[in-house]
Structures are given as structure tokens and as C-alpha cells.
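Novice: Sending over a structure as C-alpha cells; questions will come in a sec.
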Amino acid sequence: MSSGHAIDSLHVIGSRPLGGAERFYARLVRALNESGHTALAVNQLGSAVAEEIGEHAPQCHVRMRGVWDRLARWQLAKLTQTSSASVVQTYMGRATRIFRAPRRSGAVHVARLGGYYDVAGYRHADAWVGNAHGICDHLVRGGMPANKVHHIGNFVDLPTAADLDRGSLIRAELGIEPGVPLVLFVGRLHPNKGVPDLLRAMALVRATKGLNEVRTVIVGDGADRTKLEQLTRELALAHAVHFTGWVKKPGAYYAAADLFVCSSVHEPLGNVVLEAWAHAKPVVSTRSQGPSEYMRDGVDGWLTKVGDPKSLADGIIEALTTDEGTRHAIGQAGLAEVKRSHSREGITQAYLNLYASLTSS
């Protein structure tokens with residue numbers, strides 16, 4: 001890799017699939033470079049993360065086989081020493097556990113967390129970033145110095161014209177008639193996401209007078225897919241629930257939806273809620289960790305009990321049966337919150353301010 005410019009920071013991630021953390025990693029690295037700060041993306045060759053970044057930012061590839069990969073540790077240390085990076089930011093457990101900042105490099109190690117992980121593997125960093133206040137509190141309770149724990153949220157991109165144009169075709173492709181409410185879920189098909197609760201809630205919704213035609217689109221994939229498809233058949237929902245599988249760019253599905261649902265039983269932040277808000281969509285969410293931190297019930301969404309299909313169904317029914325003006329206002333309030341607290345410019349500048357403060361002494 002040769003950028004022709006000084007490297008201001010290295011951004012290291014060891015995972016290969018593309019999930020919420022990996023998408024944010026790619027967005028932040030790209031945004032930092034576009035701001036004039038040279039951020040080198042360090043990841044695994046051939047990974048979905050590397051593909052997501054593409055030519056939008058400089059990249060370097062290190063094979064990180066596991067948390068005890070000594071060769072990777074040596075390679076990352078050498079890269080830090082030979083580059084001009086003043087900050088090395090690691091993401092998630094593998095990269096953070098592997099990396100150790102060489103003493104003579106002068107680089108500051110920032111560990112960025114998007115979950116309630118065991119803090120033992122993060123203690124060796126110089127500073128920590130949590131993307132939710134609850135995660136920051138978790139770090140401080142785990143013994144990290146409060147003055148070195150920083151809260152910086154995530155940002156999401158606003159919809160493109162292509163998303164909006166494609167969104168108008170999604171319903172036809174799925175055989176959903178105009179005027180039929182479309183409820184959307186986006187995420188991994190994993191127990192943390194509470195998809196069984198969503199399916200049971202949708203069975204209750206469709207049993208409600210006037211809502212028997214509601215369709216649900218589940219965008220995502222994972223080990224639980226077979227079990228979830230079986231559950232839709234048991235609930236007599238097979239004709240009303242559409243599993244799309246993994247979709248690399250789900251923007252068109254947000255554009256097509258009438259309502260977004262986050263059914264998680266454990267959700268540290270909830271990028272999908274922010275993505276739905278970026279499309280000005282009304283959201284029903286459980287009171288899981290992240291959404292309950294920034295959503296205001298009845299203002300920019302509806303909050304329901306965690307792990308309670310009846311409560312979730314009640315929220316969805318309220319959202320779908322309220323007047324269109326209220327739904328529109330709640331969607332607009334979500335969009336305003338994204339622009340106010342989760343904008344690309346604001347979050348990027350917060351990271352730049354942090355880097356400057358950490359390297360000024």
C-alpha cells in the first residue's frame with residue numbers, strides 16, 4: 001500500500017463477514033479519508049470487509065487467524081512502527097486482543113467496542129470508545145479509567161436515489177399489493193435478534209381486524225434461518241413472511257417498508273434502527289439496551305417489552321392503525337435524531353477530536 005501521504009491512523013479489524021460493526025468500520029474509514037485524515041484500513045484479504053471498502057480507502061491486509069496469532073501480532077507491530085500512524089484503532093475482540101502497541105512507536109491504541117464484551121481482553125489499550133453510554137458504563141465498571149473511556153456513537157448513511165427508485169419495485173417483486181402494510185426486519189438470524197418473538201407477534205397482528213393482509217419481510221441470514229422458516233409454517237405465516245437471505249445493500253427494503261421492527265432481546269446499539277430512521281421510517285423496538293437509550297416512546301418510535309410477543313404485537317398494531325400523519329411525524333422525528341446525533345459529519349469529527357486530544361501531549 002502506498003498512499004503518497006502520511007498515515008494518521010490505522011484501523012484494524014479481524015472478522016471476515018459483514019455485520020453491523022464491519023459496516024461501520026468501512027463507513028468510518030471512508031469518512032475519515034474523505035475528511036483529509038489518512039486512515040489505513042487493516043483487515044483480512046478477501047474478506048467481505050475488504051470488499052466493502054474497495055477503492056474508497058487505502059487498505060493493507062493481515063491474516064488474523066485467532067486471538068493468539070503471534071505472526072499477526074508481529075505484523076501489526078511492524079506496520080505500526082514503519083507507518084507514521086499516531087493512532088491505532090482496533091475493532092472487536094480478535095483485532096484488539098492480537099494488537100500490542102510497540103513501545104517506541106509512540107502510537108496510541110484506541111479500542112472501539114460496540115458490545116458488552118469481557119473487558120479482560122481490552123485492558124491493554126490506552127483509551128476506549130463505546131458507541132453507547134451503556135457500553136461506556138460497562139467499561140468503567142470493569143475497571144477502565146473513566147477519563148479514558150469516551151462515548152462516540154455510530155453514523156449511518158442517508159438513502160440514495162437508487163435506494164428510493166429500487167424501493168418502488170420491491171413490493172412488486174415480492175407480490176405485495178399497493179396499500180398492503182409491509183413490516184420490515186433487517187439483521188442476523190441469531191437468538192439475540194428475537195425473530196421468534198417477531199413472528200409470534202405478527203401472527204397476533206394478522207389476527208387483528210383490518211390487519212389480516214400485513215406482510216413481513218425479513219432481510220438477513222444466519223444459523224437460525226431453518227428453524228425460523230419452520231416456525232412461520234407452524235404459525236400459518238408462510239404466505240405472509242418473506243425471507244430474502246443476505247442482502248449486501250438493504251436500502252431499497254427500508255425505502256419499501258411502512259414500518260421497521262427491532263425485536264432484539266440483546267441490542268447494544270441498534271444500527272438498523274438508525275438506518276430505518278435515516279429513511280424516515282417509523283420504528284417499533286423492544287426496550288433492549290441501545291434503543292432504550294436513545295429512542296423516545298411515542299416521539300420517534302414505539303418501545304415495547306423485551307422478549308414479549310404480545311407487547312411487541314401491541315406496539316406494531318398501534319403503529320399500523322394510528323393515523324398517517326402521526327406515523328409520518330414519528331418517522332420524521334427519527335430522521336431528525338439521526339441528523340442531530342448520528343450524522344456522518346458529526347461522528348467523524350468526534351473521532352478526529354479524540355485523536356487530536358490523545359496525541360497532543
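Note on naming: chains are A, B, ... as they come in the C-alpha cells, residues start from 1 per chain, ligands start from 1 in the order shown.
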Could you name the residues that touch Ala356 (chain A) at 12 Å or less, counting only C-alpha atoms, but leaving out those on the same chain fewer than 2 positions away, as a PyMOL selection string?
Specialist: chain A and resi 8-9+37+86-87+108+349-354+358-361
Novice: Would you mind exporting C-alpha atoms of the selected residues as a PDB file, in the first residue's frame?
Specialist:
ATOM      1  CA  ASP A   8      -2.595   9.393  10.528  1.00  0.00           C
ATOM      2  CA  SER A   9      -4.289   6.270  11.874  1.00  0.00           C
ATOM      3  CA  HIS A  37      -7.294  12.386   7.553  1.00  0.00           C
ATOM      4  CA  SER A  86      -0.175   8.234  15.656  1.00  0.00           C
ATOM      5  CA  VAL A  87      -3.351   6.254  16.474  1.00  0.00           C
ATOM      6  CA  VAL A 108      -1.880   5.438  20.914  1.00  0.00           C
ATOM      7  CA  GLN A 349     -15.401  14.996  13.693  1.00  0.00           C
ATOM      8  CA  ALA A 350     -15.817  13.451  17.149  1.00  0.00           C
ATOM      9  CA  TYR A 351     -13.232  10.797  16.252  1.00  0.00           C
ATOM     10  CA  LEU A 352     -10.871  13.415  14.856  1.00  0.00           C
ATOM     11  CA  ASN A 353     -11.245  15.483  18.030  1.00  0.00           C
ATOM     12  CA  LEU A 354     -10.499  12.398  20.132  1.00  0.00           C
ATOM     13  CA  LEU A 358      -4.930  11.740  22.673  1.00  0.00           C
ATOM     14  CA  THR A 359      -1.871  12.723  20.661  1.00  0.00           C
ATOM     15  CA  SER A 360      -1.439  16.338  21.756  1.00  0.00           C
ATOM     16  CA  SER A 361       0.505  15.586  24.937  1.00  0.00           C
TER      17      SER A 361
END
Novice: Determine, counting only C-alpha atoms, which protein, DNA and RNA residues have an atom within 8 Å of an atom of region 175-186 of chain A; residues of the same chain fewer than 5 positions away are not included. Present the result as a PyMOL selection string.
Specialist: chain A and resi 213-220+250+253-254+256-262+272+320
Novice: Once you have the residues from the selection above, write them out as a PDB file, in the first residue's frame, restricted to N, CA and C atoms.
Specialist:
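Ended up saving to again-v9.pdb:
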ATOM      1  N   GLU A 213     -53.954  -8.639   6.223  1.00  0.00           N
ATOM      2  CA  GLU A 213     -53.160  -8.699   4.990  1.00  0.00           C
ATOM      3  C   GLU A 213     -51.712  -8.262   5.187  1.00  0.00           C
ATOM      4  N   VAL A 214     -51.339  -7.874   6.411  1.00  0.00           N
ATOM      5  CA  VAL A 214     -49.988  -7.361   6.660  1.00  0.00           C
ATOM      6  C   VAL A 214     -48.937  -8.387   6.252  1.00  0.00           C
ATOM      7  N   ARG A 215     -47.907  -7.916   5.577  1.00  0.00           N
ATOM      8  CA  ARG A 215     -46.782  -8.775   5.182  1.00  0.00           C
ATOM      9  C   ARG A 215     -45.535  -8.384   5.976  1.00  0.00           C
ATOM     10  N   THR A 216     -44.666  -9.367   6.178  1.00  0.00           N
ATOM     11  CA  THR A 216     -43.397  -9.144   6.882  1.00  0.00           C
ATOM     12  C   THR A 216     -42.256  -9.572   5.980  1.00  0.00           C
ATOM     13  N   VAL A 217     -41.245  -8.734   5.881  1.00  0.00           N
ATOM     14  CA  VAL A 217     -40.043  -9.054   5.105  1.00  0.00           C
ATOM     15  C   VAL A 217     -38.873  -9.133   6.070  1.00  0.00           C
ATOM     16  N   ILE A 218     -38.186 -10.267   6.056  1.00  0.00           N
ATOM     17  CA  ILE A 218     -37.036 -10.492   6.924  1.00  0.00           C
ATOM     18  C   ILE A 218     -35.788 -10.523   6.062  1.00  0.00           C
ATOM     19  N   VAL A 219     -34.982  -9.474   6.186  1.00  0.00           N
ATOM     20  CA  VAL A 219     -33.749  -9.334   5.407  1.00  0.00           C
ATOM     21  C   VAL A 219     -32.580  -9.756   6.287  1.00  0.00           C
ATOM     22  N   GLY A 220     -31.916 -10.818   5.906  1.00  0.00           N
ATOM     23  CA  GLY A 220     -30.786 -11.297   6.689  1.00  0.00           C
ATOM     24  C   GLY A 220     -30.674 -12.801   6.608  1.00  0.00           C
ATOM     25  N   PRO A 250     -29.239  -3.128   1.878  1.00  0.00           N
ATOM     26  CA  PRO A 250     -30.682  -3.266   2.103  1.00  0.00           C
ATOM     27  C   PRO A 250     -31.475  -1.971   1.999  1.00  0.00           C
ATOM     28  N   TYR A 253     -35.035  -1.964   0.677  1.00  0.00           N
ATOM     29  CA  TYR A 253     -36.067  -2.572   1.533  1.00  0.00           C
ATOM     30  C   TYR A 253     -36.569  -1.584   2.576  1.00  0.00           C
ATOM     31  N   TYR A 254     -35.660  -0.771   3.120  1.00  0.00           N
ATOM     32  CA  TYR A 254     -36.116   0.290   4.017  1.00  0.00           C
ATOM     33  C   TYR A 254     -37.053   1.240   3.273  1.00  0.00           C
ATOM     34  N   ALA A 256     -38.985   0.617   0.856  1.00  0.00           N
ATOM     35  CA  ALA A 256     -40.260  -0.014   0.523  1.00  0.00           C
ATOM     36  C   ALA A 256     -41.162  -0.212   1.738  1.00  0.00           C
ATOM     37  N   ALA A 257     -40.596  -0.189   2.947  1.00  0.00           N
ATOM     38  CA  ALA A 257     -41.331  -0.565   4.150  1.00  0.00           C
ATOM     39  C   ALA A 257     -42.267   0.539   4.640  1.00  0.00           C
ATOM     40  N   ASP A 258     -43.321   0.119   5.334  1.00  0.00           N
ATOM     41  CA  ASP A 258     -44.194   1.054   6.043  1.00  0.00           C
ATOM     42  C   ASP A 258     -43.780   1.200   7.496  1.00  0.00           C
ATOM     43  N   LEU A 259     -43.173   0.143   8.041  1.00  0.00           N
ATOM     44  CA  LEU A 259     -42.805   0.129   9.457  1.00  0.00           C
ATOM     45  C   LEU A 259     -41.591  -0.764   9.634  1.00  0.00           C
ATOM     46  N   PHE A 260     -40.652  -0.331  10.459  1.00  0.00           N
ATOM     47  CA  PHE A 260     -39.492  -1.152  10.784  1.00  0.00           C
ATOM     48  C   PHE A 260     -39.624  -1.661  12.214  1.00  0.00           C
ATOM     49  N   VAL A 261     -39.240  -2.927  12.440  1.00  0.00           N
ATOM     50  CA  VAL A 261     -39.319  -3.516  13.777  1.00  0.00           C
ATOM     51  C   VAL A 261     -37.953  -4.056  14.184  1.00  0.00           C
ATOM     52  N   CYS A 262     -37.513  -3.639  15.369  1.00  0.00           N
ATOM     53  CA  CYS A 262     -36.310  -4.191  16.009  1.00  0.00           C
ATOM     54  C   CYS A 262     -36.791  -5.023  17.184  1.00  0.00           C
ATOM     55  N   VAL A 272     -29.584  -0.828  12.886  1.00  0.00           N
ATOM     56  CA  VAL A 272     -30.735  -0.960  11.986  1.00  0.00           C
ATOM     57  C   VAL A 272     -31.810   0.062  12.308  1.00  0.00           C
ATOM     58  N   LEU A 320     -49.423   0.661  13.157  1.00  0.00           N
ATOM     59  CA  LEU A 320     -50.090   0.470  11.864  1.00  0.00           C
ATOM     60  C   LEU A 320     -51.495   1.059  11.824  1.00  0.00           C
TER      61      LEU A 320
END
Novice: Mind pulling up the distance from CA of Tyr91 (chain A) to CA of Ser285 (chain A)?
Specialist: 26.2 Å
Novice: How far is it from CA of Gln289 (chain A) to CA of Leu10 (chain A), in Å with one decimal?
Specialist: 29.5 Å
Novice: Please extract the residues of region 213-346 of chain A with a backbone DSSP assignment of helix (DSSP H, G or I) and present them as a tab-separated table (two decimals) with N, CA and C atoms, in the first residue's frame.
Specialist:
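Below is the file states.tsv, written as the result:
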chain	number	residue	atom	x	y	z
A	225	ARG	N	-31.97	-19.66	10.45
A	225	ARG	CA	-32.95	-19.47	9.39
A	225	ARG	C	-33.88	-20.67	9.23
A	226	THR	N	-33.35	-21.88	9.21
A	226	THR	CA	-34.20	-23.06	9.01
A	226	THR	C	-35.26	-23.17	10.10
A	227	LYS	N	-34.85	-22.94	11.36
A	227	LYS	CA	-35.80	-23.00	12.46
A	227	LYS	C	-36.87	-21.92	12.35
A	228	LEU	N	-36.46	-20.75	11.90
A	228	LEU	CA	-37.41	-19.64	11.77
A	228	LEU	C	-38.41	-19.90	10.64
A	229	GLU	N	-37.94	-20.46	9.55
A	229	GLU	CA	-38.86	-20.80	8.46
A	229	GLU	C	-39.85	-21.87	8.90
A	230	GLN	N	-39.38	-22.80	9.72
A	230	GLN	CA	-40.28	-23.82	10.27
A	230	GLN	C	-41.32	-23.17	11.18
A	231	LEU	N	-40.91	-22.21	11.98
A	231	LEU	CA	-41.84	-21.52	12.87
A	231	LEU	C	-42.90	-20.76	12.08
A	232	THR	N	-42.53	-20.17	10.95
A	232	THR	CA	-43.54	-19.46	10.14
A	232	THR	C	-44.60	-20.44	9.65
A	233	ARG	N	-44.19	-21.65	9.33
A	233	ARG	CA	-45.17	-22.65	8.89
A	233	ARG	C	-46.07	-23.08	10.04
A	234	GLU	N	-45.49	-23.25	11.22
A	234	GLU	CA	-46.29	-23.63	12.38
A	234	GLU	C	-47.30	-22.56	12.75
A	251	GLY	N	-30.85	-0.89	1.53
A	251	GLY	CA	-31.52	0.40	1.49
A	251	GLY	C	-32.87	0.38	0.80
A	252	ALA	N	-32.99	-0.38	-0.29
A	252	ALA	CA	-34.25	-0.41	-1.03
A	252	ALA	C	-35.37	-1.02	-0.20
A	253	TYR	N	-35.03	-1.96	0.68
A	253	TYR	CA	-36.07	-2.57	1.53
A	253	TYR	C	-36.57	-1.58	2.58
A	254	TYR	N	-35.66	-0.77	3.12
A	254	TYR	CA	-36.12	0.29	4.02
A	254	TYR	C	-37.05	1.24	3.27
A	255	ALA	N	-36.68	1.58	2.05
A	255	ALA	CA	-37.49	2.50	1.27
A	255	ALA	C	-38.88	1.95	1.00
A	256	ALA	N	-38.99	0.62	0.86
A	256	ALA	CA	-40.26	-0.01	0.52
A	256	ALA	C	-41.16	-0.21	1.74
A	271	ASN	N	-27.82	-0.42	14.98
A	271	ASN	CA	-27.60	0.31	13.73
A	271	ASN	C	-28.84	0.28	12.83
A	272	VAL	N	-29.58	-0.83	12.89
A	272	VAL	CA	-30.74	-0.96	11.99
A	272	VAL	C	-31.81	0.06	12.31
A	273	VAL	N	-31.94	0.43	13.58
A	273	VAL	CA	-32.90	1.49	13.94
A	273	VAL	C	-32.46	2.81	13.32
A	274	LEU	N	-31.17	3.10	13.41
A	274	LEU	CA	-30.65	4.33	12.81
A	274	LEU	C	-30.84	4.32	11.30
A	275	GLU	N	-30.65	3.17	10.67
A	275	GLU	CA	-30.83	3.06	9.22
A	275	GLU	C	-32.30	3.30	8.85
A	276	ALA	N	-33.21	2.74	9.64
A	276	ALA	CA	-34.63	2.97	9.37
A	276	ALA	C	-34.97	4.45	9.55
A	277	TRP	N	-34.44	5.05	10.59
A	277	TRP	CA	-34.67	6.48	10.80
A	277	TRP	C	-34.10	7.31	9.66
A	278	ALA	N	-32.94	6.91	9.14
A	278	ALA	CA	-32.35	7.65	8.02
A	278	ALA	C	-33.28	7.66	6.82
A	289	GLN	N	-30.95	-2.71	25.18
A	289	GLN	CA	-30.01	-1.73	25.72
A	289	GLN	C	-29.87	-0.47	24.87
A	290	GLY	N	-29.55	-0.64	23.59
A	290	GLY	CA	-29.30	0.52	22.75
A	290	GLY	C	-30.53	1.36	22.46
A	291	PRO	N	-31.55	0.78	21.84
A	291	PRO	CA	-32.74	1.57	21.51
A	291	PRO	C	-33.37	2.27	22.71
A	292	SER	N	-33.38	1.64	23.88
A	292	SER	CA	-33.98	2.28	25.05
A	292	SER	C	-33.16	3.47	25.51
A	293	GLU	N	-31.91	3.55	25.05
A	293	GLU	CA	-31.03	4.66	25.43
A	293	GLU	C	-31.33	5.92	24.63
A	294	TYR	N	-31.70	5.76	23.36
A	294	TYR	CA	-31.88	6.95	22.54
A	294	TYR	C	-33.27	7.12	21.94
A	309	PRO	N	-43.83	-11.26	22.91
A	309	PRO	CA	-44.51	-11.12	21.61
A	309	PRO	C	-45.80	-10.31	21.69
A	310	LYS	N	-46.57	-10.44	22.79
A	310	LYS	CA	-47.83	-9.69	22.92
A	310	LYS	C	-47.56	-8.19	22.99
A	311	SER	N	-46.56	-7.79	23.78
A	311	SER	CA	-46.21	-6.38	23.86
A	311	SER	C	-45.72	-5.87	22.52
A	312	LEU	N	-44.90	-6.68	21.84
A	312	LEU	CA	-44.40	-6.29	20.52
A	312	LEU	C	-45.55	-6.15	19.53
A	313	ALA	N	-46.49	-7.10	19.56
A	313	ALA	CA	-47.66	-7.02	18.68
A	313	ALA	C	-48.47	-5.77	18.96
A	314	ASP	N	-48.66	-5.45	20.24
A	314	ASP	CA	-49.42	-4.24	20.59
A	314	ASP	C	-48.77	-2.99	20.01
A	315	GLY	N	-47.43	-2.92	20.08
A	315	GLY	CA	-46.73	-1.77	19.51
A	315	GLY	C	-46.89	-1.69	18.01
A	316	ILE	N	-46.80	-2.85	17.34
A	316	ILE	CA	-46.95	-2.88	15.87
A	316	ILE	C	-48.38	-2.50	15.48
A	317	ILE	N	-49.35	-3.02	16.21
A	317	ILE	CA	-50.75	-2.69	15.91
A	317	ILE	C	-51.00	-1.19	16.09
A	318	GLU	N	-50.47	-0.64	17.18
A	318	GLU	CA	-50.64	0.81	17.39
A	318	GLU	C	-50.01	1.61	16.26
A	319	ALA	N	-48.81	1.20	15.85
A	319	ALA	CA	-48.12	1.92	14.79
A	319	ALA	C	-48.87	1.83	13.46
A	320	LEU	N	-49.42	0.66	13.16
A	320	LEU	CA	-50.09	0.47	11.86
A	320	LEU	C	-51.50	1.06	11.82
A	321	THR	N	-52.12	1.21	12.98
A	321	THR	CA	-53.50	1.71	13.00
A	321	THR	C	-53.61	3.18	13.35
A	324	GLU	N	-52.06	8.37	9.53
A	324	GLU	CA	-50.87	8.51	8.69
A	324	GLU	C	-50.03	9.71	9.08
A	325	GLY	N	-50.69	10.77	9.52
A	325	GLY	CA	-49.95	11.97	9.92
A	325	GLY	C	-49.06	11.72	11.12
A	326	THR	N	-49.55	10.91	12.08
A	326	THR	CA	-48.74	10.59	13.27
A	326	THR	C	-47.57	9.71	12.87
A	327	ARG	N	-47.81	8.70	12.03
A	327	ARG	CA	-46.70	7.84	11.58
A	327	ARG	C	-45.64	8.67	10.87
A	328	HIS	N	-46.09	9.58	10.02
A	328	HIS	CA	-45.14	10.43	9.29
A	328	HIS	C	-44.33	11.29	10.25
A	329	ALA	N	-44.99	11.86	11.24
A	329	ALA	CA	-44.30	12.73	12.20
A	329	ALA	C	-43.28	11.95	13.01
A	330	ILE	N	-43.62	10.71	13.39
A	330	ILE	CA	-42.69	9.89	14.16
A	330	ILE	C	-41.49	9.50	13.31
A	331	GLY	N	-41.73	9.18	12.03
A	331	GLY	CA	-40.61	8.89	11.13
A	331	GLY	C	-39.71	10.10	10.94
A	332	GLN	N	-40.31	11.27	10.82
A	332	GLN	CA	-39.53	12.49	10.66
A	332	GLN	C	-38.73	12.82	11.92
A	333	ALA	N	-39.31	12.51	13.08
A	333	ALA	CA	-38.58	12.74	14.33
A	333	ALA	C	-37.36	11.83	14.42
A	334	GLY	N	-37.49	10.60	13.93
A	334	GLY	CA	-36.34	9.70	13.89
A	334	GLY	C	-35.27	10.22	12.96
A	335	LEU	N	-35.67	10.70	11.79
A	335	LEU	CA	-34.72	11.27	10.84
A	335	LEU	C	-34.00	12.47	11.45
A	336	ALA	N	-34.74	13.30	12.17
A	336	ALA	CA	-34.12	14.47	12.81
A	336	ALA	C	-33.09	14.04	13.85
A	337	GLU	N	-33.38	12.95	14.59
A	337	GLU	CA	-32.44	12.46	15.59
A	337	GLU	C	-31.16	11.93	14.93
A	338	VAL	N	-31.30	11.25	13.79
A	338	VAL	CA	-30.12	10.79	13.06
A	338	VAL	C	-29.26	11.99	12.64
A	339	LYS	N	-29.89	13.00	12.10
A	339	LYS	CA	-29.14	14.17	11.64
A	339	LYS	C	-28.51	14.92	12.80
A	340	ARG	N	-29.18	14.91	13.95
A	340	ARG	CA	-28.69	15.65	15.11
A	340	ARG	C	-27.57	14.91	15.83
A	341	SER	N	-27.72	13.62	16.05
A	341	SER	CA	-26.80	12.89	16.93
A	341	SER	C	-26.01	11.78	16.25
A	344	ARG	N	-22.95	11.64	9.73
A	344	ARG	CA	-21.61	11.29	9.24
A	344	ARG	C	-20.59	12.35	9.65
A	345	GLU	N	-20.94	13.62	9.44
A	345	GLU	CA	-20.02	14.71	9.74
A	345	GLU	C	-19.74	14.81	11.24
A	346	GLY	N	-20.79	14.70	12.05
A	346	GLY	CA	-20.62	14.85	13.49
A	346	GLY	C	-19.81	13.75	14.12
Novice: Between A:Val62, A:Leu169, A:Leu237, A:Val67, which is the closest to Arg200 (chain A) once you count only C-alpha atoms?
Specialist: A:Leu237
Novice: From the list A:His124, A:Arg188, A:His109, A:Arg97, which residue is nearest Thr244 (chain A) when using only C-alpha atoms?
Specialist: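 Residue with the minimum atom-to-atom distance to Thr244 (chain A): A:Arg188.
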Novice: Taking 4 positions as the minimum chain separation for residues in the same chain, which residues sit within 7 Å of His266 (chain A) when counting only C-alpha atoms? Answer as a PDB file with N, CA and C atoms, in the first residue's frame.
Specialist:
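Ended up saving to result_12.pdb:
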ATOM      1  N   ASN A 192     -30.108 -13.478  19.594  1.00  0.00           N
ATOM      2  CA  ASN A 192     -30.128 -12.131  20.172  1.00  0.00           C
ATOM      3  C   ASN A 192     -31.153 -11.215  19.497  1.00  0.00           C
ATOM      4  N   LYS A 193     -31.499 -11.523  18.257  1.00  0.00           N
ATOM      5  CA  LYS A 193     -32.350 -10.616  17.487  1.00  0.00           C
ATOM      6  C   LYS A 193     -33.848 -10.825  17.734  1.00  0.00           C
ATOM      7  N   SER A 288     -34.528  -2.942  24.445  1.00  0.00           N
ATOM      8  CA  SER A 288     -33.186  -3.510  24.610  1.00  0.00           C
ATOM      9  C   SER A 288     -32.203  -2.363  24.851  1.00  0.00           C
ATOM     10  N   GLN A 289     -30.947  -2.713  25.180  1.00  0.00           N
ATOM     11  CA  GLN A 289     -30.015  -1.727  25.721  1.00  0.00           C
ATOM     12  C   GLN A 289     -29.865  -0.471  24.866  1.00  0.00           C
TER      13      GLN A 289
END
Novice: Could you check which of A:His190, A:Arg63, A:His56, A:Arg23 is closest to Gly114 (chain A), using only C-alpha atoms?
Specialist: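 Of the candidates, the smallest distance to Gly114 (chain A) is held by A:Arg23.
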